[in-house]
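Data block for upload06.tsv (TSV, C-alpha atoms):
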chain	number	residue	atom	x	y	z
K	14	MET	CA	-21.75	-11.66	-6.53
K	15	SER	CA	-19.06	-14.31	-6.81
K	16	ILE	CA	-15.57	-13.09	-5.91
K	17	SER	CA	-14.24	-14.80	-9.03
K	18	SER	CA	-16.23	-12.36	-11.15
K	19	SER	CA	-14.88	-9.38	-9.18
K	20	ALA	CA	-11.17	-9.97	-9.72
K	21	VAL	CA	-8.53	-11.72	-11.79
K	22	LEU	CA	-4.97	-12.76	-11.03
K	23	VAL	CA	-2.15	-10.86	-12.73
K	24	GLU	CA	1.58	-11.46	-12.69
K	25	LEU	CA	4.28	-9.00	-13.76
K	26	ASN	CA	7.91	-9.82	-14.41
K	27	ILE	CA	10.32	-7.09	-15.48
K	28	SER	CA	13.99	-7.91	-15.86
K	29	VAL	CA	16.76	-5.33	-16.24
K	30	TRP	CA	20.45	-6.14	-16.63
K	31	PRO	CA	22.21	-4.79	-13.51
K	32	ALA	CA	25.42	-4.15	-15.53
K	33	SER	CA	27.64	-4.33	-12.47
K	34	LYS	CA	30.44	-6.67	-11.49
K	35	ILE	CA	32.38	-7.40	-8.35
K	36	ASP	CA	36.01	-6.50	-9.10
K	37	ARG	CA	38.04	-9.19	-7.37
K	38	GLU	CA	41.39	-7.44	-7.78
K	39	ILE	CA	40.17	-4.09	-6.44
K	40	THR	CA	38.33	-5.90	-3.63
K	41	GLU	CA	41.50	-7.68	-2.52
K	42	GLN	CA	43.46	-4.44	-2.78
K	43	VAL	CA	40.93	-2.55	-0.61
K	44	ASN	CA	40.83	-5.29	2.01
K	45	SER	CA	44.61	-5.54	2.01
K	46	ASN	CA	45.06	-1.77	2.42
K	47	ALA	CA	42.59	-1.82	5.29
K	48	MET	CA	44.34	-4.86	6.81
K	49	ALA	CA	40.97	-6.64	6.75
K	50	VAL	CA	40.18	-10.30	6.17
K	51	ARG	CA	39.62	-11.40	2.60
K	52	ASP	CA	35.79	-11.24	2.58
K	53	ALA	CA	35.43	-8.11	4.72
K	54	SER	CA	34.19	-6.00	1.80
K	55	GLN	CA	33.39	-6.27	-1.88
K	56	THR	CA	33.91	-3.59	-4.50
K	57	LYS	CA	31.35	-3.43	-7.30
K	58	LYS	CA	31.99	-1.56	-10.51
K	59	ASN	CA	29.34	-0.01	-12.72
K	60	LEU	CA	30.12	-1.21	-16.24
K	61	PHE	CA	28.76	2.01	-17.69
K	62	ALA	CA	30.13	4.54	-15.22
K	63	GLY	CA	29.40	8.11	-16.23
K	64	THR	CA	26.23	7.26	-18.22
K	65	GLY	CA	22.61	6.97	-17.13
K	66	ILE	CA	21.00	5.21	-20.10
K	67	ARG	CA	20.65	1.80	-18.47
K	68	LYS	CA	19.96	3.36	-15.08
K	69	ASP	CA	16.96	5.17	-16.55
K	70	ILE	CA	15.50	1.81	-17.59
K	71	GLU	CA	16.01	0.50	-14.06
K	72	LYS	CA	14.22	3.52	-12.57
K	73	PHE	CA	11.36	3.16	-15.04
K	74	ALA	CA	10.99	-0.52	-14.18
K	75	SER	CA	10.70	0.42	-10.49
K	76	ARG	CA	7.98	2.91	-11.40
K	77	VAL	CA	6.03	0.22	-13.28
K	78	ARG	CA	6.34	-2.23	-10.38
K	79	LEU	CA	5.05	0.46	-8.01
K	80	TYR	CA	1.98	1.08	-10.20
K	81	HIS	CA	1.38	-2.68	-10.40
K	82	ASN	CA	1.56	-3.07	-6.62
K	83	GLN	CA	-0.61	-0.02	-5.91
K	84	HIS	CA	-3.42	-1.17	-8.20
K	85	THR	CA	-3.47	-4.82	-7.14
K	86	LEU	CA	-3.81	-6.78	-3.91
K	87	PRO	CA	-1.52	-9.50	-2.53
K	88	TRP	CA	-2.46	-13.06	-3.37
K	89	ALA	CA	0.30	-15.64	-3.71
K	90	ASP	CA	3.48	-15.52	-1.62
K	91	LYS	CA	5.16	-14.12	-4.71
K	92	GLY	CA	4.18	-13.65	-8.32
K	93	GLU	CA	0.43	-13.43	-8.85
K	94	ARG	CA	-1.59	-10.57	-7.34
K	95	MET	CA	-5.32	-9.88	-7.37
K	96	LEU	CA	-6.57	-7.22	-9.79
K	97	PRO	CA	-10.18	-6.03	-9.29
K	98	THR	CA	-12.11	-6.20	-12.55
K	99	ALA	CA	-13.19	-2.60	-11.91
K	100	LEU	CA	-9.54	-1.62	-12.52
K	101	PHE	CA	-8.87	-4.06	-15.35
K	102	MET	CA	-9.25	-1.70	-18.34
K	103	GLU	CA	-7.27	1.11	-16.71
K	104	TYR	CA	-4.56	-1.36	-15.67
K	105	LYS	CA	-4.41	-2.93	-19.13
K	106	GLN	CA	-4.15	0.40	-20.95
K	107	THR	CA	-1.53	1.74	-18.54
K	108	MET	CA	0.55	-1.43	-18.74
K	109	ASN	CA	0.36	-1.46	-22.54
K	110	ALA	CA	1.74	2.08	-22.58
K	111	TYR	CA	4.42	1.16	-20.04
K	112	GLU	CA	5.49	-1.86	-22.07
K	113	GLN	CA	5.82	0.22	-25.22
K	114	GLN	CA	7.92	2.80	-23.37
K	115	PHE	CA	10.07	0.07	-21.81
K	116	ASP	CA	10.72	-1.47	-25.24
K	117	MET	CA	11.62	1.93	-26.67
K	118	MET	CA	14.07	2.66	-23.83
K	119	CYS	CA	15.65	-0.78	-24.21
K	120	ASN	CA	16.02	-0.34	-27.98
K	121	ASN	CA	17.73	3.01	-27.39
K	122	PHE	CA	20.12	1.32	-25.01
K	123	PHE	CA	20.82	-1.48	-27.50
K	124	CYS	CA	21.63	1.12	-30.18
K	125	GLU	CA	24.01	2.89	-27.81
K	126	TYR	CA	25.58	-0.31	-26.47
K	127	PRO	CA	28.55	-0.47	-28.92
K	128	ARG	CA	29.46	3.15	-28.14
K	129	LEU	CA	29.14	2.59	-24.38
K	130	VAL	CA	31.40	-0.44	-24.58
K	131	ALA	CA	33.94	1.54	-26.62
K	132	GLU	CA	33.96	4.30	-23.99
K	133	ALA	CA	34.22	1.89	-21.05
K	134	PRO	CA	38.08	1.69	-21.01
K	135	THR	CA	38.28	5.47	-20.63
K	136	ASN	CA	35.55	5.63	-17.98
K	137	LEU	CA	36.74	2.66	-15.89
K	138	GLY	CA	40.48	2.93	-16.32
K	139	ALA	CA	42.28	0.03	-14.62
K	140	MET	CA	38.96	-1.57	-13.66
K	141	TYR	CA	38.02	-2.19	-17.33
K	142	LYS	CA	37.85	-5.79	-18.49
K	143	ALA	CA	36.62	-6.67	-21.98
K	144	SER	CA	35.23	-9.98	-20.70
K	145	ASP	CA	32.67	-8.08	-18.57
K	146	TYR	CA	30.80	-7.00	-21.70
K	147	PRO	CA	28.64	-9.68	-23.43
K	148	GLU	CA	27.68	-9.63	-27.09
K	149	LEU	CA	24.65	-7.48	-27.91
K	150	ASP	CA	22.38	-10.47	-28.59
K	151	GLU	CA	23.14	-11.81	-25.12
K	152	VAL	CA	22.50	-8.40	-23.55
K	153	LYS	CA	19.05	-8.23	-25.17
K	154	GLN	CA	18.07	-11.43	-23.37
K	155	LYS	CA	18.75	-9.77	-20.02
K	156	PHE	CA	15.84	-7.34	-20.44
K	157	GLY	CA	12.20	-8.38	-20.37
K	158	PHE	CA	8.65	-7.20	-19.73
K	159	LYS	CA	6.17	-10.05	-19.25
K	160	ARG	CA	2.60	-10.09	-18.00
K	161	SER	CA	0.00	-12.79	-17.50
K	162	VAL	CA	-3.69	-12.71	-16.57
K	163	ASN	CA	-5.56	-15.68	-15.15
K	164	PRO	CA	-9.05	-16.19	-13.73
K	165	LEU	CA	-9.43	-16.27	-9.98
K	166	PRO	CA	-10.32	-19.85	-8.96
K	167	GLU	CA	-12.95	-19.70	-6.25
K	168	SER	CA	-13.66	-23.34	-5.52
K	169	GLY	CA	-11.85	-26.60	-5.95
K	170	ASP	CA	-13.25	-28.21	-9.09
K	171	PHE	CA	-11.20	-31.38	-8.77
K	172	ARG	CA	-12.07	-34.14	-11.22
K	173	LEU	CA	-9.61	-36.80	-10.21
K	174	ASP	CA	-9.85	-40.55	-10.00
K	175	ILE	CA	-9.05	-40.76	-6.30
K	176	PRO	CA	-11.05	-41.92	-3.24
K	177	THR	CA	-13.95	-39.66	-2.26
K	178	GLN	CA	-12.53	-38.79	1.16
K	179	ASP	CA	-9.17	-37.80	-0.31
K	180	LEU	CA	-10.97	-35.66	-2.88
K	181	GLU	CA	-12.97	-33.94	-0.14
K	182	ASP	CA	-9.81	-33.35	1.89
K	183	MET	CA	-8.16	-31.78	-1.15
K	184	ARG	CA	-11.17	-29.57	-1.82
K	185	SER	CA	-11.34	-28.52	1.84
K	186	GLU	CA	-7.66	-27.62	1.87
K	187	PHE	CA	-8.05	-25.59	-1.31
K	188	GLU	CA	-11.03	-23.65	0.04
K	189	SER	CA	-9.26	-23.02	3.35
K	190	LYS	CA	-6.23	-21.65	1.54
K	191	PHE	CA	-8.45	-19.52	-0.71
K	192	THR	CA	-10.22	-18.01	2.29
K	193	GLU	CA	-6.88	-17.28	3.95
K	194	ARG	CA	-5.49	-15.59	0.84
K	195	LEU	CA	-8.62	-13.53	0.36
K	196	ALA	CA	-8.43	-12.33	3.97
K	197	ASP	CA	-4.76	-11.39	3.46
K	198	ALA	CA	-5.67	-9.54	0.26
K	199	MET	CA	-8.38	-7.51	1.99
K	200	ARG	CA	-6.07	-6.52	4.83
K	201	ALA	CA	-3.96	-4.60	2.32
K	202	PRO	CA	-6.51	-1.80	1.66
K	203	TRP	CA	-6.97	-1.35	5.41
K	204	GLU	CA	-3.21	-1.11	5.86
K	205	ARG	CA	-2.89	1.47	3.07
K	206	LEU	CA	-5.69	3.55	4.55
K	207	HIS	CA	-4.22	3.34	8.04
K	208	LYS	CA	-0.78	4.40	6.79
K	209	VAL	CA	-2.18	7.45	5.00
K	210	LEU	CA	-4.13	8.49	8.11
K	211	ALA	CA	-1.21	7.88	10.48
K	212	ASP	CA	1.17	9.83	8.24
K	213	MET	CA	-1.28	12.73	8.06
K	214	SER	CA	-1.73	12.76	11.82
K	215	GLU	CA	2.03	12.86	12.34
K	216	LYS	CA	2.58	15.62	9.77
K	217	LEU	CA	-0.20	17.75	11.25
K	218	LYS	CA	1.13	17.45	14.80
K	219	ASP	CA	2.09	20.78	16.36
K	220	ASN	CA	5.73	20.62	17.44
K	221	GLY	CA	5.92	24.08	18.92
K	222	ASP	CA	8.28	26.38	17.06
K	223	GLU	CA	9.44	23.67	14.66
K	224	LYS	CA	8.71	24.72	11.08
K	225	LYS	CA	7.22	22.06	8.85
K	226	ARG	CA	6.82	21.96	5.12
K	227	TYR	CA	3.44	20.95	3.75
K	228	HIS	CA	3.13	19.71	0.18
K	229	ASP	CA	0.18	19.21	-2.15
K	230	SER	CA	0.53	15.45	-1.62
K	231	LEU	CA	-0.89	15.92	1.90
K	232	ILE	CA	-4.22	16.58	0.16
K	233	SER	CA	-3.86	14.66	-3.10
K	234	ASN	CA	-2.63	11.33	-1.67
K	235	PRO	CA	-5.67	10.74	0.60
K	236	LEU	CA	-8.10	11.73	-2.17
K	237	GLU	CA	-6.39	9.46	-4.70
K	238	LEU	CA	-6.49	6.58	-2.23
K	239	CYS	CA	-10.19	7.18	-1.56
K	240	GLU	CA	-10.92	6.89	-5.27
K	241	LEU	CA	-8.79	3.75	-5.60
K	242	LEU	CA	-10.36	2.06	-2.56
K	243	THR	CA	-13.79	2.07	-4.23
K	244	LYS	CA	-12.32	-0.44	-6.70
K	245	LEU	CA	-9.96	-2.35	-4.40
K	246	ASN	CA	-12.80	-3.26	-2.05
K	247	VAL	CA	-13.68	-6.42	-4.01
K	248	THR	CA	-15.57	-8.01	-1.09
K	249	ASN	CA	-17.67	-4.87	-0.54
K	250	ASP	CA	-16.53	-4.65	3.07
K	251	PRO	CA	-18.99	-2.10	4.61
K	252	LYS	CA	-16.54	-1.05	7.33
K	253	LEU	CA	-13.81	-0.31	4.78
K	254	GLU	CA	-16.29	1.73	2.74
K	255	GLU	CA	-17.36	3.61	5.87
K	256	ALA	CA	-13.73	4.42	6.71
K	257	ARG	CA	-13.08	5.48	3.12
K	258	LYS	CA	-16.10	7.79	3.09
K	259	SER	CA	-15.05	9.26	6.43
K	260	LEU	CA	-11.66	10.24	5.01
K	261	GLU	CA	-13.21	11.52	1.79
K	262	ARG	CA	-15.61	13.76	3.73
K	263	THR	CA	-12.74	14.94	5.93
K	264	MET	CA	-10.70	16.05	2.92
K	265	LEU	CA	-13.51	17.93	1.15
K	266	GLY	CA	-12.78	21.64	1.02
K	267	VAL	CA	-9.33	21.33	2.61
K	268	SER	CA	-6.74	23.58	0.93
K	269	ILE	CA	-3.00	23.24	1.24
K	270	GLU	CA	-2.68	27.03	1.55
K	271	ALA	CA	-4.86	27.04	4.67
K	272	ILE	CA	-2.91	24.12	6.13
K	273	LYS	CA	0.36	25.97	5.57
K	274	GLU	CA	-0.78	29.25	7.08
K	275	ASP	CA	-3.37	28.44	9.74
K	276	SER	CA	-2.49	26.33	12.80
K	277	HIS	CA	-6.21	26.13	13.68
K	278	GLU	CA	-6.94	24.53	10.30
K	279	ARG	CA	-4.17	22.02	10.89
K	280	GLU	CA	-5.51	21.21	14.34
K	281	GLN	CA	-9.05	20.72	13.05
K	282	LEU	CA	-7.90	18.40	10.26
K	283	LYS	CA	-5.71	16.41	12.65
K	284	ASN	CA	-8.63	15.96	15.06
K	285	LYS	CA	-10.83	14.59	12.28
K	286	VAL	CA	-8.07	12.24	11.10
K	287	ASP	CA	-7.43	11.03	14.65
K	288	GLU	CA	-11.15	10.44	15.08
K	289	ILE	CA	-11.13	8.08	12.09
K	290	LEU	CA	-8.03	6.33	13.45
K	291	GLY	CA	-9.76	5.79	16.78
K	292	LYS	CA	-13.07	4.62	15.33
K	293	PHE	CA	-12.06	1.48	13.45
K	294	ASN	CA	-10.37	-1.75	14.45
K	295	TRP	CA	-7.16	-1.52	12.44

Show how you would write the structure in this file as structure tokens.
Amino acid sequence: MSISSSAVLVELNISVWPASKIDREITEQVNSNAMAVRDASQTKKNLFAGTGIRKDIEKFASRVRLYHNQHTLPWADKGERMLPTALFMEYKQTMNAYEQQFDMMCNNFFCEYPRLVAEAPTNLGAMYKASDYPELDEVKQKFGFKRSVNPLPESGDFRLDIPTQDLEDMRSEFESKFTERLADAMRAPWERLHKVLADMSEKLKDNGDEKKRYHDSLISNPLELCELLTKLNVTNDPKLEEARKSLERTMLGVSIEAIKEDSHEREQLKNKVDEILGKFNW
């Protein structure tokens, strides 16, 4: 099967107004009091100190970016990432819901903006400056949620009126770059799998009398990754599938209660995890 039918390229751009300013006067005062040179430190002020409305949007945007990165593979140096078609519908539905929630949160902030500006002199005291606060229409332009989906170009279909040798050189360069990017993309699932295994091995290590806390994520994270890897493996790499199945089999029947209470259970699980780590060329 052609790789271009197994994945598409997606790009996500979310912008959130940072709503912070460097206060030059306070900065100079701090540096002067510390007898430091002029650029030794900078003091930033939160324009909406004491409120979390805009901060909540920022946190939500980080959550969306995390989902986007977890369900896609690296492609370009920045911007576009590879989305397996097996994940396309789930990704689309999730992103649609995220975009609606983002818009709702932004609209709530826009409604509250006049009140927040009115309260700013009280919250900021001497650091308040009216010029720090743009008009609402300008503020709205500082927030955005944009997505794009494009087909994955697999070969250089160049129809240009240039000499044949130059055309072949261009096509060869394109295909070389494509192969390099695809290899980089497929290293990402291996790296994710290795990190999960290495983290598990470290957490399960017996450190004598040291008490460790074990959370449900010790079980859920590997299982969730195993499910995701069946769709991220767009080149059907048999070794990656073998490693995935090995972890999936290892986690079957493991309970967090047994891990918490039984050192023998922890040792057995660690041995199986270490066996997977030692078996493959990471």

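You will find atom CA of Asn26 of chain K at 27.9 Å from atom CA of Val209 of chain K.
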
Nearest to Tyr227 of chain K: which of K:Cys239, K:Leu206, K:Val77, K:Ala271 is it, counting all atoms listed in the file?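 Checking each candidate against Tyr227 of chain K, we get K:Ala271 as the closest.
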
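Taking atom CA of Leu231 of chain K and atom CA of Tyr111 of chain K as the two end points, the separation is 27.0 Å.
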
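Comparing the minimum interatomic distances between Gln281 of chain K and each of K:Glu24, K:Glu125, K:Asp219, K:Glu71, counting all atoms listed in the file, we find that K:Asp219 sits nearest.
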
Find the residue from K:Lys273, K:Lys292, K:Lys34, K:Lys72 that sits nearest to Ser144 of chain K; use all atoms listed in the file when measuring.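 Checking each of K:Lys273, K:Lys292, K:Lys34, K:Lys72 against Ser144 of chain K, counting all atoms listed in the file, the winner is K:Lys34.
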
Could you pull the residues within 9 Å of Phe122 of chain K, counting only C-alpha atoms, minus those fewer than 5 positions along the same chain, as a PDB file with C-alpha atoms, keeping the file's coordinate frame?
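Wrote it out as result34.pdb, contents follow:
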ATOM      1  CA  ILE K  66      21.000   5.210 -20.100  1.00  0.00           C
ATOM      2  CA  ARG K  67      20.650   1.800 -18.470  1.00  0.00           C
ATOM      3  CA  ILE K  70      15.500   1.810 -17.590  1.00  0.00           C
ATOM      4  CA  MET K 117      11.620   1.930 -26.670  1.00  0.00           C
TER       5      MET K 117
END

For Lys258 of chain K, which residue out of K:Pro235, K:Met118, K:Val130, K:Asp275 is the nearest one, using all atoms listed in the file? K:Pro235

Just give me the gap between atom CA of Thr64 of chain K and atom CA of Gly138 of chain K in Å, one decimal is fine. 15.0 Å

Can you list, as number ranges by chain, every protein, DNA or RNA residue that comes within 10 Å of Lys68 of chain K when you count all atoms listed in the file, leaving out same-chain residues fewer than 6 positions away? K: 29-32, 61, 74

I'd like the contact shell of segment 101-104 of chain K - 12 Å cut-off, all atoms listed in the file, skipping same-chain residues fewer than 4 positions apart - returned as a PyMOL selection string. chain K and resi 18-23+25+77+80-85+95-97+108-112+160+162+241+244-245

Keeping only C-alpha atoms, take the residues you just selected and write them out as a PDB file, in the coordinates of the input.
ATOM      1  CA  SER K  18     -16.230 -12.360 -11.150  1.00  0.00           C
ATOM      2  CA  SER K  19     -14.880  -9.380  -9.180  1.00  0.00           C
ATOM      3  CA  ALA K  20     -11.170  -9.970  -9.720  1.00  0.00           C
ATOM      4  CA  VAL K  21      -8.530 -11.720 -11.790  1.00  0.00           C
ATOM      5  CA  LEU K  22      -4.970 -12.760 -11.030  1.00  0.00           C
ATOM      6  CA  VAL K  23      -2.150 -10.860 -12.730  1.00  0.00           C
ATOM      7  CA  LEU K  25       4.280  -9.000 -13.760  1.00  0.00           C
ATOM      8  CA  VAL K  77       6.030   0.220 -13.280  1.00  0.00           C
ATOM      9  CA  TYR K  80       1.980   1.080 -10.200  1.00  0.00           C
ATOM     10  CA  HIS K  81       1.380  -2.680 -10.400  1.00  0.00           C
ATOM     11  CA  ASN K  82       1.560  -3.070  -6.620  1.00  0.00           C
ATOM     12  CA  GLN K  83      -0.610  -0.020  -5.910  1.00  0.00           C
ATOM     13  CA  HIS K  84      -3.420  -1.170  -8.200  1.00  0.00           C
ATOM     14  CA  THR K  85      -3.470  -4.820  -7.140  1.00  0.00           C
ATOM     15  CA  MET K  95      -5.320  -9.880  -7.370  1.00  0.00           C
ATOM     16  CA  LEU K  96      -6.570  -7.220  -9.790  1.00  0.00           C
ATOM     17  CA  PRO K  97     -10.180  -6.030  -9.290  1.00  0.00           C
ATOM     18  CA  MET K 108       0.550  -1.430 -18.740  1.00  0.00           C
ATOM     19  CA  ASN K 109       0.360  -1.460 -22.540  1.00  0.00           C
ATOM     20  CA  ALA K 110       1.740   2.080 -22.580  1.00  0.00           C
ATOM     21  CA  TYR K 111       4.420   1.160 -20.040  1.00  0.00           C
ATOM     22  CA  GLU K 112       5.490  -1.860 -22.070  1.00  0.00           C
ATOM     23  CA  ARG K 160       2.600 -10.090 -18.000  1.00  0.00           C
ATOM     24  CA  VAL K 162      -3.690 -12.710 -16.570  1.00  0.00           C
ATOM     25  CA  LEU K 241      -8.790   3.750  -5.600  1.00  0.00           C
ATOM     26  CA  LYS K 244     -12.320  -0.440  -6.700  1.00  0.00           C
ATOM     27  CA  LEU K 245      -9.960  -2.350  -4.400  1.00  0.00           C
TER      28      LEU K 245
END

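Closest approach to Glu278 of chain K among K:Leu260, K:Leu290, K:Val152, K:Leu217 is made by K:Leu217 (distances from all atoms listed in the file).
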
Ranking K:Glu188, K:Phe156, K:Asp145, K:Asp229 by minimum distance to Ala133 of chain K and counting all atoms listed in the file, which one comes first? K:Asp145

12 Å contact set for Arg194 of chain K, all atoms listed in the file, chain neighbours under 2 positions out, as number ranges by chain: K: 86-90, 93-95, 165-167, 187-192, 196-201

Write a file of the selected residues as an mmCIF file, keeping the file's coordinate frame, keeping C-alpha atoms.
data_model
loop_
_atom_site.group_PDB
_atom_site.id
_atom_site.type_symbol
_atom_site.label_atom_id
_atom_site.label_comp_id
_atom_site.auth_asym_id
_atom_site.auth_seq_id
_atom_site.Cartn_x
_atom_site.Cartn_y
_atom_site.Cartn_z
ATOM 1 C CA LEU K 86 -3.810 -6.780 -3.910
ATOM 2 C CA PRO K 87 -1.520 -9.500 -2.530
ATOM 3 C CA TRP K 88 -2.460 -13.060 -3.370
ATOM 4 C CA ALA K 89 0.300 -15.640 -3.710
ATOM 5 C CA ASP K 90 3.480 -15.520 -1.620
ATOM 6 C CA GLU K 93 0.430 -13.430 -8.850
ATOM 7 C CA ARG K 94 -1.590 -10.570 -7.340
ATOM 8 C CA MET K 95 -5.320 -9.880 -7.370
ATOM 9 C CA LEU K 165 -9.430 -16.270 -9.980
ATOM 10 C CA PRO K 166 -10.320 -19.850 -8.960
ATOM 11 C CA GLU K 167 -12.950 -19.700 -6.250
ATOM 12 C CA PHE K 187 -8.050 -25.590 -1.310
ATOM 13 C CA GLU K 188 -11.030 -23.650 0.040
ATOM 14 C CA SER K 189 -9.260 -23.020 3.350
ATOM 15 C CA LYS K 190 -6.230 -21.650 1.540
ATOM 16 C CA PHE K 191 -8.450 -19.520 -0.710
ATOM 17 C CA THR K 192 -10.220 -18.010 2.290
ATOM 18 C CA ALA K 196 -8.430 -12.330 3.970
ATOM 19 C CA ASP K 197 -4.760 -11.390 3.460
ATOM 20 C CA ALA K 198 -5.670 -9.540 0.260
ATOM 21 C CA MET K 199 -8.380 -7.510 1.990
ATOM 22 C CA ARG K 200 -6.070 -6.520 4.830
ATOM 23 C CA ALA K 201 -3.960 -4.600 2.320
#

At a cut-off of 9 Å, using all atoms listed in the file, what residues contact His207 of chain K? Leave out same-chain residues fewer than 5 positions from it and give the result as a PDB file with C-alpha atoms, keeping the file's coordinate frame.
ATOM      1  CA  PRO K 202      -6.510  -1.800   1.660  1.00  0.00           C
ATOM      2  CA  ASP K 212       1.170   9.830   8.240  1.00  0.00           C
ATOM      3  CA  LEU K 290      -8.030   6.330  13.450  1.00  0.00           C
ATOM      4  CA  TRP K 295      -7.160  -1.520  12.440  1.00  0.00           C
TER       5      TRP K 295
END
